[in-house]
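J.: CSV, C-alpha atoms, file upload15.csv:
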```csv
chain,number,residue,atom,x,y,z
L,1,MET,CA,20.0,26.4,-15.3
L,2,SER,CA,19.1,22.8,-15.9
L,3,ARG,CA,17.8,21.3,-19.1
L,4,ARG,CA,16.1,18.5,-17.2
L,5,ALA,CA,12.6,18.9,-16.0
L,6,PRO,CA,12.3,18.2,-12.3
L,7,ALA,CA,11.7,14.5,-11.4
L,8,CYS,CA,8.6,15.6,-9.6
L,9,SER,CA,6.9,18.9,-9.6
L,10,GLY,CA,3.8,20.8,-8.5
L,11,ALA,CA,3.7,24.5,-9.0
L,12,GLY,CA,6.3,25.7,-11.5
L,13,LEU,CA,6.0,22.5,-13.5
L,14,GLU,CA,7.8,22.6,-16.9
L,15,MET,CA,5.9,19.6,-18.3
L,16,PRO,CA,2.4,20.2,-19.6
L,17,GLU,CA,-0.2,19.3,-17.0
L,18,THR,CA,-2.5,16.4,-17.6
L,19,PHE,CA,-6.2,17.4,-17.2
L,20,PHE,CA,-9.3,15.3,-16.6
L,21,GLU,CA,-10.2,15.7,-20.3
L,22,ASP,CA,-6.9,14.1,-21.4
L,23,HIS,CA,-8.0,10.7,-20.1
L,24,ALA,CA,-10.3,8.3,-21.9
L,25,VAL,CA,-11.5,4.8,-21.2
L,26,GLY,CA,-9.2,2.3,-23.0
L,27,GLN,CA,-6.1,4.5,-23.0
L,28,ALA,CA,-3.1,2.3,-22.1
L,29,THR,CA,0.4,3.0,-20.9
L,30,GLU,CA,3.5,0.9,-20.2
L,31,GLY,CA,6.6,1.8,-18.4
L,32,GLY,CA,8.8,1.3,-15.4
L,33,TYR,CA,11.9,-0.5,-14.5
L,34,LYS,CA,12.5,-1.6,-11.0
L,35,TYR,CA,15.2,-4.1,-9.9
L,36,VAL,CA,14.1,-5.7,-6.7
L,37,ASP,CA,17.1,-5.8,-4.3
L,38,LYS,CA,17.2,-8.3,-1.5
L,39,ARG,CA,18.5,-5.6,1.0
L,40,GLU,CA,15.6,-3.3,0.0
L,41,ILE,CA,13.1,-6.1,0.6
L,42,VAL,CA,14.5,-6.7,4.1
L,43,ARG,CA,14.8,-2.9,4.9
L,44,PHE,CA,11.2,-2.3,3.9
L,45,ALA,CA,10.0,-5.3,5.9
L,46,THR,CA,12.0,-4.4,8.9
L,47,LEU,CA,10.2,-1.0,9.1
L,48,TYR,CA,6.7,-1.9,8.0
L,49,ASP,CA,6.0,-5.7,7.7
L,50,PRO,CA,8.4,-7.7,9.9
L,51,GLN,CA,7.2,-11.2,9.1
L,52,PRO,CA,9.8,-13.9,8.7
L,53,PHE,CA,9.3,-14.6,5.0
L,54,HIS,CA,10.1,-10.9,4.3
L,55,LEU,CA,13.1,-10.8,6.6
L,56,ASP,CA,15.1,-13.9,6.8
L,57,GLU,CA,16.2,-16.3,4.0
L,58,ALA,CA,16.3,-19.4,6.2
L,59,ALA,CA,12.8,-18.7,7.8
L,60,ALA,CA,11.4,-17.9,4.4
L,61,LYS,CA,12.6,-21.3,3.0
L,62,GLN,CA,10.3,-22.9,5.7
L,63,SER,CA,7.3,-20.8,4.7
L,64,ILE,CA,4.7,-21.3,2.1
L,65,PHE,CA,6.7,-19.0,-0.2
L,66,GLY,CA,9.8,-21.3,-0.2
L,67,GLY,CA,12.1,-18.2,-0.1
L,68,LEU,CA,12.4,-14.6,0.6
L,69,VAL,CA,9.6,-12.5,-0.8
L,70,ALA,CA,8.8,-8.8,-0.8
L,71,SER,CA,6.0,-7.5,1.3
L,72,GLY,CA,2.9,-6.8,-0.8
L,73,TRP,CA,2.9,-3.3,0.6
L,74,HIS,CA,6.4,-2.9,-0.7
L,75,THR,CA,5.2,-4.0,-4.2
L,76,LEU,CA,2.6,-1.3,-4.0
L,77,ALA,CA,5.2,1.3,-3.0
L,78,MET,CA,7.5,0.2,-5.9
L,79,MET,CA,4.5,0.5,-8.3
L,80,MET,CA,3.9,4.0,-7.1
L,81,ARG,CA,7.5,5.0,-7.6
L,82,MET,CA,7.3,3.7,-11.2
L,83,LEU,CA,4.1,5.6,-11.8
L,84,VAL,CA,5.4,8.9,-10.4
L,85,ASP,CA,8.7,8.5,-12.4
L,86,HIS,CA,6.7,7.8,-15.6
L,87,HIS,CA,4.2,10.5,-15.3
L,88,GLY,CA,6.5,13.2,-13.9
L,89,GLY,CA,4.5,13.8,-10.8
L,90,ARG,CA,1.4,14.9,-12.6
L,91,LEU,CA,-0.7,12.0,-11.4
L,92,ALA,CA,-2.1,13.3,-8.2
L,93,GLY,CA,-2.5,17.0,-8.5
L,94,LEU,CA,-5.7,16.8,-6.4
L,95,GLY,CA,-4.7,13.8,-4.5
L,96,SER,CA,-6.5,10.4,-4.5
L,97,PRO,CA,-9.5,9.3,-2.5
L,98,GLY,CA,-8.3,5.7,-2.4
L,99,CYS,CA,-7.9,2.6,-4.5
L,100,GLU,CA,-9.6,-0.7,-5.1
L,101,GLN,CA,-9.1,-4.4,-5.7
L,102,ILE,CA,-5.5,-4.9,-4.8
L,103,ARG,CA,-4.5,-8.5,-5.8
L,104,TRP,CA,-1.2,-10.0,-5.0
L,105,LEU,CA,-0.9,-12.7,-7.7
L,106,GLN,CA,2.7,-14.0,-7.6
L,107,PRO,CA,5.5,-13.6,-5.1
L,108,VAL,CA,8.0,-10.8,-5.8
L,109,ARG,CA,11.5,-12.2,-5.1
L,110,PRO,CA,15.0,-10.8,-4.9
L,111,GLY,CA,16.4,-10.2,-8.4
L,112,ASP,CA,13.0,-9.7,-10.0
L,113,ILE,CA,12.7,-6.8,-12.5
L,114,LEU,CA,9.3,-5.1,-12.3
L,115,ARG,CA,7.5,-2.9,-14.8
L,116,PHE,CA,3.9,-1.8,-15.2
L,117,ARG,CA,1.0,-1.6,-17.6
L,118,SER,CA,-2.0,0.6,-17.0
L,119,GLU,CA,-5.4,1.1,-18.6
L,120,CYS,CA,-8.0,3.7,-18.0
L,121,ILE,CA,-11.2,2.0,-17.1
L,122,GLU,CA,-13.5,4.8,-16.0
L,123,THR,CA,-13.8,8.6,-16.1
L,124,ALA,CA,-16.4,10.6,-14.3
L,125,ALA,CA,-16.7,14.4,-14.0
L,126,SER,CA,-17.6,15.4,-10.4
L,127,ARG,CA,-21.2,16.6,-10.0
L,128,SER,CA,-20.6,18.5,-6.8
L,129,LYS,CA,-17.2,20.1,-7.8
L,130,PRO,CA,-17.3,21.3,-11.5
L,131,ASP,CA,-13.5,21.9,-11.5
L,132,ARG,CA,-12.5,18.2,-11.2
L,133,GLY,CA,-13.1,14.6,-12.2
L,134,ILE,CA,-12.2,11.1,-11.2
L,135,VAL,CA,-10.1,8.7,-13.3
L,136,LYS,CA,-10.0,5.0,-12.5
L,137,THR,CA,-7.0,3.1,-13.9
L,138,ARG,CA,-6.2,-0.6,-13.7
L,139,VAL,CA,-2.5,-1.0,-13.1
L,140,THR,CA,-0.8,-4.3,-13.5
L,141,VAL,CA,2.8,-4.9,-12.2
L,142,LEU,CA,4.7,-7.6,-14.2
L,143,ASN,CA,8.0,-9.4,-13.6
L,144,GLN,CA,10.8,-10.1,-16.0
L,145,ARG,CA,8.9,-13.2,-17.2
L,146,GLY,CA,5.9,-11.1,-18.1
L,147,GLU,CA,3.9,-12.7,-15.2
L,148,PRO,CA,1.5,-10.3,-13.5
L,149,VAL,CA,2.5,-10.1,-9.8
L,150,MET,CA,0.0,-7.5,-8.7
L,151,THR,CA,-3.1,-5.7,-10.0
L,152,VAL,CA,-4.8,-2.6,-8.5
L,153,VAL,CA,-7.4,-0.1,-9.5
L,154,THR,CA,-6.1,3.4,-8.7
L,155,ILE,CA,-8.4,6.4,-8.4
L,156,GLY,CA,-7.0,9.8,-9.3
L,157,MET,CA,-8.6,13.2,-8.9
L,158,HIS,CA,-7.8,15.4,-11.9
L,159,ARG,CA,-8.4,19.1,-12.6
L,160,ARG,CA,-10.7,19.9,-15.5
L,161,ARG,CA,-9.1,21.9,-18.3
L,162,PRO,CA,-9.8,25.6,-17.7
L,163,ALA,CA,-12.4,27.0,-20.2
T,1,MET,CA,18.1,-17.6,26.2
T,2,SER,CA,15.6,-14.8,25.9
T,3,ARG,CA,12.4,-14.5,27.9
T,4,ARG,CA,10.8,-12.4,25.2
T,5,ALA,CA,8.8,-14.0,22.4
T,6,PRO,CA,10.2,-13.0,19.0
T,7,ALA,CA,8.7,-9.8,17.6
T,8,CYS,CA,7.7,-11.8,14.6
T,9,SER,CA,7.7,-15.5,14.1
T,10,GLY,CA,6.7,-18.3,11.8
T,11,ALA,CA,7.9,-21.8,12.5
T,12,GLY,CA,9.0,-22.1,16.1
T,13,LEU,CA,6.3,-19.7,17.2
T,14,GLU,CA,5.9,-19.4,21.0
T,15,MET,CA,2.5,-17.7,20.8
T,16,PRO,CA,-0.6,-19.8,20.1
T,17,GLU,CA,-1.4,-19.7,16.4
T,18,THR,CA,-4.7,-18.1,15.3
T,19,PHE,CA,-6.8,-20.4,13.2
T,20,PHE,CA,-9.6,-19.7,10.8
T,21,GLU,CA,-12.1,-20.9,13.5
T,22,ASP,CA,-10.9,-18.2,15.9
T,23,HIS,CA,-12.4,-15.5,13.8
T,24,ALA,CA,-16.1,-14.5,13.8
T,25,VAL,CA,-18.0,-11.7,12.1
T,26,GLY,CA,-18.2,-8.7,14.5
T,27,GLN,CA,-15.1,-9.4,16.5
T,28,ALA,CA,-13.3,-6.1,17.1
T,29,THR,CA,-9.8,-5.2,18.0
T,30,GLU,CA,-8.0,-1.9,18.9
T,31,GLY,CA,-4.3,-1.2,19.1
T,32,GLY,CA,-1.3,0.4,17.7
T,33,TYR,CA,0.7,3.5,18.5
T,34,LYS,CA,2.7,5.2,15.7
T,35,TYR,CA,4.2,8.6,16.0
T,36,VAL,CA,4.5,10.1,12.5
T,37,ASP,CA,7.9,11.6,12.1
T,38,LYS,CA,8.6,14.3,9.5
T,39,ARG,CA,11.9,12.7,8.5
T,40,GLU,CA,10.2,9.4,8.0
T,41,ILE,CA,7.5,11.0,5.8
T,42,VAL,CA,10.2,12.4,3.6
T,43,ARG,CA,12.3,9.3,3.6
T,44,PHE,CA,9.4,7.1,2.5
T,45,ALA,CA,8.4,9.6,-0.2
T,46,THR,CA,11.9,10.0,-1.5
T,47,LEU,CA,12.0,6.2,-2.2
T,48,TYR,CA,8.5,5.5,-3.2
T,49,ASP,CA,6.3,8.6,-3.8
T,50,PRO,CA,8.4,11.6,-4.7
T,51,GLN,CA,5.7,14.2,-5.1
T,52,PRO,CA,6.3,17.7,-3.7
T,53,PHE,CA,3.6,17.6,-1.0
T,54,HIS,CA,5.3,14.5,0.5
T,55,LEU,CA,8.9,15.9,0.2
T,56,ASP,CA,9.2,19.6,0.8
T,57,GLU,CA,7.5,21.8,3.3
T,58,ALA,CA,7.5,24.9,1.2
T,59,ALA,CA,6.1,23.1,-1.9
T,60,ALA,CA,3.5,21.4,0.3
T,61,LYS,CA,2.3,24.7,1.6
T,62,GLN,CA,1.4,25.7,-2.0
T,63,SER,CA,-0.5,22.4,-2.6
T,64,ILE,CA,-4.1,21.5,-1.8
T,65,PHE,CA,-2.9,19.9,1.4
T,66,GLY,CA,-1.5,23.2,2.8
T,67,GLY,CA,1.5,21.4,4.4
T,68,LEU,CA,3.6,18.3,4.3
T,69,VAL,CA,1.5,15.1,4.3
T,70,ALA,CA,2.5,11.4,4.4
T,71,SER,CA,2.1,9.3,1.2
T,72,GLY,CA,-1.1,7.2,1.4
T,73,TRP,CA,1.1,4.2,0.6
T,74,HIS,CA,3.2,5.1,3.7
T,75,THR,CA,0.0,5.2,5.8
T,76,LEU,CA,-0.8,1.7,4.6
T,77,ALA,CA,2.7,0.6,5.5
T,78,MET,CA,2.4,2.1,9.0
T,79,MET,CA,-0.9,0.4,9.4
T,80,MET,CA,0.6,-3.0,8.5
T,81,ARG,CA,3.4,-2.5,11.0
T,82,MET,CA,0.9,-1.8,13.8
T,83,LEU,CA,-1.1,-4.9,12.8
T,84,VAL,CA,2.0,-7.1,12.8
T,85,ASP,CA,3.2,-5.8,16.1
T,86,HIS,CA,-0.3,-6.3,17.6
T,87,HIS,CA,-0.9,-9.8,16.3
T,88,GLY,CA,2.7,-11.0,16.8
T,89,GLY,CA,3.1,-12.0,13.2
T,90,ARG,CA,0.3,-14.5,13.2
T,91,LEU,CA,-1.8,-12.5,10.7
T,92,ALA,CA,-0.6,-13.9,7.4
T,93,GLY,CA,0.4,-17.5,7.9
T,94,LEU,CA,-0.8,-18.3,4.4
T,95,GLY,CA,-0.3,-14.9,2.9
T,96,SER,CA,-3.0,-12.6,1.6
T,97,PRO,CA,-4.6,-12.6,-1.9
T,98,GLY,CA,-5.1,-8.8,-1.7
T,99,CYS,CA,-7.2,-6.1,-0.1
T,100,GLU,CA,-10.2,-3.9,-1.0
T,101,GLN,CA,-11.6,-0.4,-0.7
T,102,ILE,CA,-8.7,1.7,0.5
T,103,ARG,CA,-9.9,5.1,1.4
T,104,TRP,CA,-7.6,8.0,2.3
T,105,LEU,CA,-10.0,10.2,4.3
T,106,GLN,CA,-7.8,12.8,6.0
T,107,PRO,CA,-4.2,13.9,5.5
T,108,VAL,CA,-1.6,12.3,7.8
T,109,ARG,CA,0.8,15.1,9.0
T,110,PRO,CA,4.1,15.2,10.9
T,111,GLY,CA,3.4,14.8,14.6
T,112,ASP,CA,0.3,12.8,14.2
T,113,ILE,CA,-0.1,9.7,16.4
T,114,LEU,CA,-1.8,6.8,14.7
T,115,ARG,CA,-3.6,3.8,16.0
T,116,PHE,CA,-6.0,1.2,14.5
T,117,ARG,CA,-9.4,-0.3,15.0
T,118,SER,CA,-10.4,-3.5,13.2
T,119,GLU,CA,-13.6,-5.5,12.8
T,120,CYS,CA,-14.1,-8.9,11.2
T,121,ILE,CA,-16.7,-8.5,8.5
T,122,GLU,CA,-16.7,-11.8,6.7
T,123,THR,CA,-15.4,-15.3,7.1
T,124,ALA,CA,-15.5,-18.1,4.4
T,125,ALA,CA,-14.1,-21.6,4.4
T,126,SER,CA,-12.4,-22.4,1.1
T,127,ARG,CA,-14.4,-24.8,-1.0
T,128,SER,CA,-11.4,-26.0,-3.1
T,129,LYS,CA,-8.8,-26.1,-0.2
T,130,PRO,CA,-10.3,-27.7,2.9
T,131,ASP,CA,-7.3,-26.7,5.1
T,132,ARG,CA,-7.9,-23.0,4.9
T,133,GLY,CA,-10.4,-20.1,5.0
T,134,ILE,CA,-10.6,-16.4,4.2
T,135,VAL,CA,-11.1,-13.7,6.8
T,136,LYS,CA,-12.1,-10.2,5.7
T,137,THR,CA,-11.4,-7.4,8.2
T,138,ARG,CA,-12.2,-3.7,8.0
T,139,VAL,CA,-9.3,-1.7,9.4
T,140,THR,CA,-9.6,1.9,10.3
T,141,VAL,CA,-6.5,4.0,11.1
T,142,LEU,CA,-7.3,7.0,13.4
T,143,ASN,CA,-5.2,10.0,14.4
T,144,GLN,CA,-4.8,11.5,17.9
T,145,ARG,CA,-8.1,13.4,17.5
T,146,GLY,CA,-9.9,10.2,16.9
T,147,GLU,CA,-10.5,11.1,13.2
T,148,PRO,CA,-10.4,8.2,10.8
T,149,VAL,CA,-7.5,8.9,8.3
T,150,MET,CA,-7.8,5.7,6.3
T,151,THR,CA,-10.0,2.6,6.0
T,152,VAL,CA,-9.2,-0.6,4.2
T,153,VAL,CA,-10.6,-4.1,4.0
T,154,THR,CA,-7.8,-6.7,4.4
T,155,ILE,CA,-8.2,-10.3,3.2
T,156,GLY,CA,-6.3,-12.9,5.2
T,157,MET,CA,-5.9,-16.5,4.5
T,158,HIS,CA,-5.9,-18.6,7.6
T,159,ARG,CA,-5.3,-22.3,8.4
T,160,ARG,CA,-8.2,-24.3,9.7
T,161,ARG,CA,-7.7,-25.8,13.1
T,162,PRO,CA,-6.4,-29.4,12.7
T,163,ALA,CA,-9.1,-32.0,13.5
```
Could you write out this structure as structure tokens?

T.:
Amino acid sequence: MSRRAPACSGAGLEMPETFFEDHAVGQATEGGYKYVDKREIVRFATLYDPQPFHLDEAAAKQSIFGGLVASGWHTLAMMMRMLVDHHGGRLAGLGSPGCEQIRWLQPVRPGDILRFRSECIETAASRSKPDRGIVKTRVTVLNQRGEPVMTVVTIGMHRRRPA
Amino acid sequence: MSRRAPACSGAGLEMPETFFEDHAVGQATEGGYKYVDKREIVRFATLYDPQPFHLDEAAAKQSIFGGLVASGWHTLAMMMRMLVDHHGGRLAGLGSPGCEQIRWLQPVRPGDILRFRSECIETAASRSKPDRGIVKTRVTVLNQRGEPVMTVVTIGMHRRRPA
């Protein structure tokens, strides 16, 4: 028997589920801690974004970035991990139809430490499916100097609280 | 000495560079071939999106997806790899400020084979920086049945052709 709740969970969840009604415009959250490792930058880029400024220090020095930087898709993935860890896997009970307005604002470099801030910006009950609603959240990823490195609007589908 | 051009390249590129002027609204491209491996789905999700329907076949069967599915962020990463492979690393010479309208339309499952279609939807020379312009491209990722599984509008910054 473990005293710890599972790091992620679906059915059999020990933590209380978050319903659509638990979200309100203006609600803000902060969290996350992600150390950006140079080997992880290179490993992600090798698999998914093999451009020189993500792969090789010397080539990156010659690029507009002036040094090795993480793929923007890697920054998105690191953001998602911080969100899942923070919310205990209750974020996407009904999945997500997509997201909006990804902005890569600053390079993410080896040694950076990332965290996130999020703010609910819109909620809308579904008209066609009365058991669910949509929650839009603006997520900002910041580095250790407090500089926003990325913003994105996530769209989550949430169950409505049973009557 | 190798006869092959480098898989990705920056300075020292052997392939002709693509400039802003080489893009025009309506231009379409097709390409890519990505076999979606179950172990890769689980590996990506373990690192970046540890939710049960991306990690565990039994838990995924109980979820709304009815089986294991790739993280949407993983689908984005696989798309980027197909684009980099197709364009030889010439896509993001000046980086990208972001992207728009990501839509996850269909689950991506183990055994799927993905490819992409893209269409240039907007070009705009920069007013503040006369050496560059922005190219917006709608990218659709399709599975082996020709079903769109994801769409996204990418934004690329491209050098203008030297006078």

J.: Using only C-alpha atoms for the distances, tell me which of L:Thr123, L:Gln51, L:Thr140, L:Ser96 is nearest to L:Leu68.

T.: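 Of L:Thr123, L:Gln51, L:Thr140, L:Ser96, the one nearest L:Leu68, counting only C-alpha atoms, is L:Gln51.
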
J.: Can you work out which residues from chain T touch chain L at a cut-off of 9 Å (counting all atoms listed in the file) and hand them back as a compact mmCIF listing (two decimals) with C-alpha atoms, keeping the file's coordinate frame?

T.:
```txt
# COMPACT_ATOMS: atom_id res chain seq x y z
CA ALA T 7 8.70 -9.80 17.60
CA CYS T 8 7.70 -11.80 14.60
CA SER T 9 7.70 -15.50 14.10
CA GLY T 10 6.70 -18.30 11.80
CA ALA T 11 7.90 -21.80 12.50
CA ALA T 45 8.40 9.60 -0.20
CA LEU T 47 12.00 6.20 -2.20
CA TYR T 48 8.50 5.50 -3.20
CA ASP T 49 6.30 8.60 -3.80
CA PRO T 50 8.40 11.60 -4.70
CA GLN T 51 5.70 14.20 -5.10
CA PRO T 52 6.30 17.70 -3.70
CA PHE T 53 3.60 17.60 -1.00
CA ALA T 59 6.10 23.10 -1.90
CA ALA T 60 3.50 21.40 0.30
CA GLN T 62 1.40 25.70 -2.00
CA SER T 63 -0.50 22.40 -2.60
CA ILE T 64 -4.10 21.50 -1.80
CA PHE T 65 -2.90 19.90 1.40
CA GLY T 72 -1.10 7.20 1.40
CA TRP T 73 1.10 4.20 0.60
CA HIS T 74 3.20 5.10 3.70
CA LEU T 76 -0.80 1.70 4.60
CA ALA T 77 2.70 0.60 5.50
CA MET T 78 2.40 2.10 9.00
CA MET T 79 -0.90 0.40 9.40
CA MET T 80 0.60 -3.00 8.50
CA ARG T 81 3.40 -2.50 11.00
CA MET T 82 0.90 -1.80 13.80
CA LEU T 83 -1.10 -4.90 12.80
CA VAL T 84 2.00 -7.10 12.80
CA ASP T 85 3.20 -5.80 16.10
CA GLY T 88 2.70 -11.00 16.80
CA GLY T 89 3.10 -12.00 13.20
CA ARG T 90 0.30 -14.50 13.20
CA ALA T 92 -0.60 -13.90 7.40
CA GLY T 93 0.40 -17.50 7.90
CA LEU T 94 -0.80 -18.30 4.40
CA GLY T 95 -0.30 -14.90 2.90
CA SER T 96 -3.00 -12.60 1.60
CA PRO T 97 -4.60 -12.60 -1.90
CA GLY T 98 -5.10 -8.80 -1.70
CA CYS T 99 -7.20 -6.10 -0.10
CA GLU T 100 -10.20 -3.90 -1.00
CA GLN T 101 -11.60 -0.40 -0.70
CA ILE T 102 -8.70 1.70 0.50
CA ARG T 103 -9.90 5.10 1.40
CA TRP T 104 -7.60 8.00 2.30
CA LEU T 105 -10.00 10.20 4.30
CA MET T 150 -7.80 5.70 6.30
```

J.: What is the distance between atom CA of T:Tyr35 and atom CA of T:Lys61, in Å to one decimal?

T.: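 Those two atoms sit 21.7 Å apart.
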
J.: At a cut-off of 12 Å, using all atoms listed in the file, what residues contact L:Ala163? Leave out same-chain residues fewer than 3 positions from it and give the result as an MDAnalysis selection string.

T.: chainID L and resid 19 21 130:131 159:160

J.: For L:Thr29, which residue among L:Val108, L:Ile41, L:Val149, L:Val141 is the nearest when counting only C-alpha atoms?

T.: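 Answer, going by the shortest atom-to-atom distance: L:Val141.
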